[in-house]
Amino acid sequence: NAGVMQNPRHLVRRRGQEARLRCSPMKGHSHVYWYRQLPEEGLKFMVYLQKENIIDESGMPKERFSAEFPKEGPSILRIQQVVRGDSAAYFCASSPKLLAGGVNEQFFGPGTRLTVL
Amino acid sequence: GESVGLHLPTLSVQEGDNSIINCAYSNSASDYFIWYKQESGKGPQFIIDIRSNMDKRQGQRVTVLLNKTVKHLSLQIAATQPGDSAVYFCAEAAGANSKLTFGKGITLSVRP
C-alpha cells in the first residue's frame with residue numbers, strides 16, 4: 001500500500017508565477033490536509049478537504065491560495081502570483097474516514113519544497 | 001489562542017541513555033495528541049499517539065505521558081540510538097478528523 005505521494009518534490013518559481021502542488025492520499029483515505037512549514041519551525045495547518053468539499057480552510061491566506069480535492073485525481077494546492085514569502089515546505093497528510101470516537105492518525109507525504117526566486 | 005509549545009529547542013543525549021522530550025499545550029478541548037519525528041528533507045513520521053482518556057501509552061522503546069491537569073505531554077525514548085536523531089514535534093487535535101496544531105519542534109542529537 002503506497003503512502004501519501006506528493007509532486008513535485010522540489011519546485012522553483014519566479015515571483016508572480018503560479019505554483020501547483022499535488023497530493024495523492026493513501027488508498028482508501030478520503031480526508032486530505034495541507035500544512036506549511038517554514039525553516040526551523042513547526043507545521044502550520046492550512047486547509048482540510050474531503051472529496052469535492054472544503055471542510056476547514058481557517059489556515060489558508062485569504063488571497064492567492066486555493067485548494068481542491070476533486071472526485072477523481074489528486075488534491076491540488078494552488079498558489080497564484082507567488083512571492084518570496086511563499087517559499088516553504090508544503091506537506092500533505094491523509095487519513096481514513098473514521099467512525100465516531102476513532103483516532104485521527106494523519107499520514108504525511110514527503111512534501112514539496114517551493115522556492116520563489 | 002491555541003498553542004502547543006516545547007520547553008527546549010535542542011536536546012543532546014549519549015547513545016544508550018534515555019531521552020525525555022516535553023511539550024505544553026493550552027487548548028483544553030484537545031482530546032488527541034501525537035508525537036512525530038521528522039528527519040531532514042522528509043515528512044513527519046508518526047511515532048505514538050494518546051487520547052485524552054489515557055495518561056500513559058507505550059510503544060516499542062517509546063512512551064507517551066499525558067498530564068491533563070497541567071496540560072503537559074512528554075515523549076520518553078529508551079536506549080536512545082543514533083537513528084533517533086531528528087526533530088520531534090508534538091501535535092494536538094480536538095475531535096476526530098480535525099486539524100493538527102504543531103509545536104515548534106525540538107532537535108534530538110545522539111552522541112556516539
# chains A, B, ... in the order shown; residues from 1 in each chain; ligands from 1
call {"tool": "residues_around", "arguments": {"residues": "region 88-98 of chain B", "least_positions_apart": "3", "cutoff": "9 Å", "atoms": "only C-alpha atoms", "output": "PyMOL selection string"}}
result
(chain A and resi 31+42-43+48+56+95-106) or (chain B and resi 4-6+21-25+27-39+44+73-75+101-108)
call {"tool": "residues_around", "arguments": {"residues": "region 61-63 of chain B", "least_positions_apart": "4", "cutoff": "6 Å", "atoms": "only C-alpha atoms", "output": "mmCIF file with C-alpha atoms, in the first residue's frame"}}
result
data_model
loop_
_atom_site.group_PDB
_atom_site.id
_atom_site.type_symbol
_atom_site.label_atom_id
_atom_site.label_comp_id
_atom_site.auth_asym_id
_atom_site.auth_seq_id
_atom_site.Cartn_x
_atom_site.Cartn_y
_atom_site.Cartn_z
ATOM 1 C CA ARG B 57 0.792 4.699 26.406
ATOM 2 C CA LEU B 75 7.848 11.537 24.989
ATOM 3 C CA GLN B 76 10.292 9.109 26.520
ATOM 4 C CA ILE B 77 12.711 7.204 24.313
ATOM 5 C CA ALA B 78 14.507 4.286 25.930
#
call {"tool": "atom_distance", "arguments": {"atom1": "CA of Val12 (chain A)", "atom2": "CA of Ile79 (chain A)"}}
result
12.6 Å
call {"tool": "closest_atom_pairs", "arguments": {"of": "chain A", "to": "chain B", "cutoff": "12 Å", "atoms": "only C-alpha atoms", "output": "Markdown table"}}
result
| residue | atom | partner | partner_atom | distance |
| --- | --- | --- | --- | --- |
| A:Gly3 | CA | B:Gly43 | CA | 11.4 |
| A:Val4 | CA | B:Gly43 | CA | 10.0 |
| A:Met5 | CA | B:Gly43 | CA | 10.8 |
| A:Gln6 | CA | B:Gly43 | CA | 10.4 |
| A:Arg9 | CA | B:Gly41 | CA | 9.9 |
| A:His10 | CA | B:Gly41 | CA | 10.7 |
| A:His29 | CA | B:Asn97 | CA | 11.5 |
| A:Ser30 | CA | B:Asn97 | CA | 10.5 |
| A:His31 | CA | B:Asn97 | CA | 7.7 |
| A:Val32 | CA | B:Asn97 | CA | 9.6 |
| A:Tyr33 | CA | B:Lys99 | CA | 7.5 |
| A:Trp34 | CA | B:Lys99 | CA | 9.4 |
| A:Tyr35 | CA | B:Leu100 | CA | 9.2 |
| A:Arg36 | CA | B:Phe102 | CA | 11.0 |
| A:Gln37 | CA | B:Lys104 | CA | 9.9 |
| A:Leu38 | CA | B:Lys104 | CA | 10.3 |
| A:Pro39 | CA | B:Lys104 | CA | 10.4 |
| A:Glu40 | CA | B:Lys104 | CA | 7.7 |
| A:Glu41 | CA | B:Lys104 | CA | 5.1 |
| A:Gly42 | CA | B:Lys104 | CA | 4.2 |
| A:Leu43 | CA | B:Phe102 | CA | 5.9 |
| A:Lys44 | CA | B:Phe102 | CA | 6.8 |
| A:Phe45 | CA | B:Lys99 | CA | 6.6 |
| A:Met46 | CA | B:Lys99 | CA | 8.8 |
| A:Val47 | CA | B:Lys99 | CA | 8.2 |
| A:Tyr48 | CA | B:Lys99 | CA | 7.1 |
| A:Leu49 | CA | B:Asn97 | CA | 10.2 |
| A:Gln50 | CA | B:Asn97 | CA | 10.3 |
| A:Ile55 | CA | B:Ser98 | CA | 9.3 |
| A:Asp56 | CA | B:Lys99 | CA | 8.2 |
| A:Glu57 | CA | B:Lys99 | CA | 10.0 |
| A:Ser58 | CA | B:Lys99 | CA | 9.8 |
| A:Gly59 | CA | B:Lys99 | CA | 9.7 |
| A:Ala88 | CA | B:Gly41 | CA | 11.9 |
| A:Ala89 | CA | B:Gly41 | CA | 9.2 |
| A:Tyr90 | CA | B:Gly43 | CA | 9.4 |
| A:Phe91 | CA | B:Gly43 | CA | 7.0 |
| A:Cys92 | CA | B:Gly43 | CA | 8.8 |
| A:Ala93 | CA | B:Gly43 | CA | 9.3 |
| A:Ser94 | CA | B:Asn97 | CA | 9.7 |
| A:Ser95 | CA | B:Asn97 | CA | 7.5 |
| A:Pro96 | CA | B:Asn97 | CA | 8.6 |
| A:Lys97 | CA | B:Asn97 | CA | 8.0 |
| A:Leu98 | CA | B:Ala96 | CA | 7.4 |
| A:Leu99 | CA | B:Ala96 | CA | 8.6 |
| A:Ala100 | CA | B:Ala96 | CA | 7.4 |
| A:Gly101 | CA | B:Ala96 | CA | 6.8 |
| A:Gly102 | CA | B:Ala96 | CA | 6.3 |
| A:Val103 | CA | B:Ala96 | CA | 6.0 |
| A:Asn104 | CA | B:Asn97 | CA | 5.2 |
| A:Glu105 | CA | B:Phe46 | CA | 8.1 |
| A:Gln106 | CA | B:Phe46 | CA | 8.1 |
| A:Phe107 | CA | B:Phe46 | CA | 7.3 |
| A:Phe108 | CA | B:Gly43 | CA | 5.9 |
| A:Gly109 | CA | B:Gly43 | CA | 5.7 |
| A:Pro110 | CA | B:Gly43 | CA | 4.4 |
| A:Gly111 | CA | B:Gly43 | CA | 6.0 |
| A:Thr112 | CA | B:Gly43 | CA | 9.5 |
| A:Arg113 | CA | B:Gly41 | CA | 9.0 |
call {"tool": "closest_residue", "arguments": {"among": "A:Lys27, A:Arg84, A:Arg15, A:Lys71", "to": "Ala2 (chain A)", "atoms": "only C-alpha atoms"}}
result
A:Lys27
call {"tool": "residues_around", "arguments": {"residues": "Pro74 (chain A)", "least_positions_apart": "5", "cutoff": "10 Å", "atoms": "only C-alpha atoms", "output": "NGL selection string"}}
result
:A and (5-6 or 21-25 or 32 or 51 or 68-69)
call {"tool": "atom_distance", "arguments": {"atom1": "CA of Leu66 (chain B)", "atom2": "CA of Arg111 (chain B)"}}
result
27.8 Å
call {"tool": "atom_distance", "arguments": {"atom1": "CA of Thr115 (chain A)", "atom2": "CA of Ser75 (chain A)"}}
result
20.4 Å
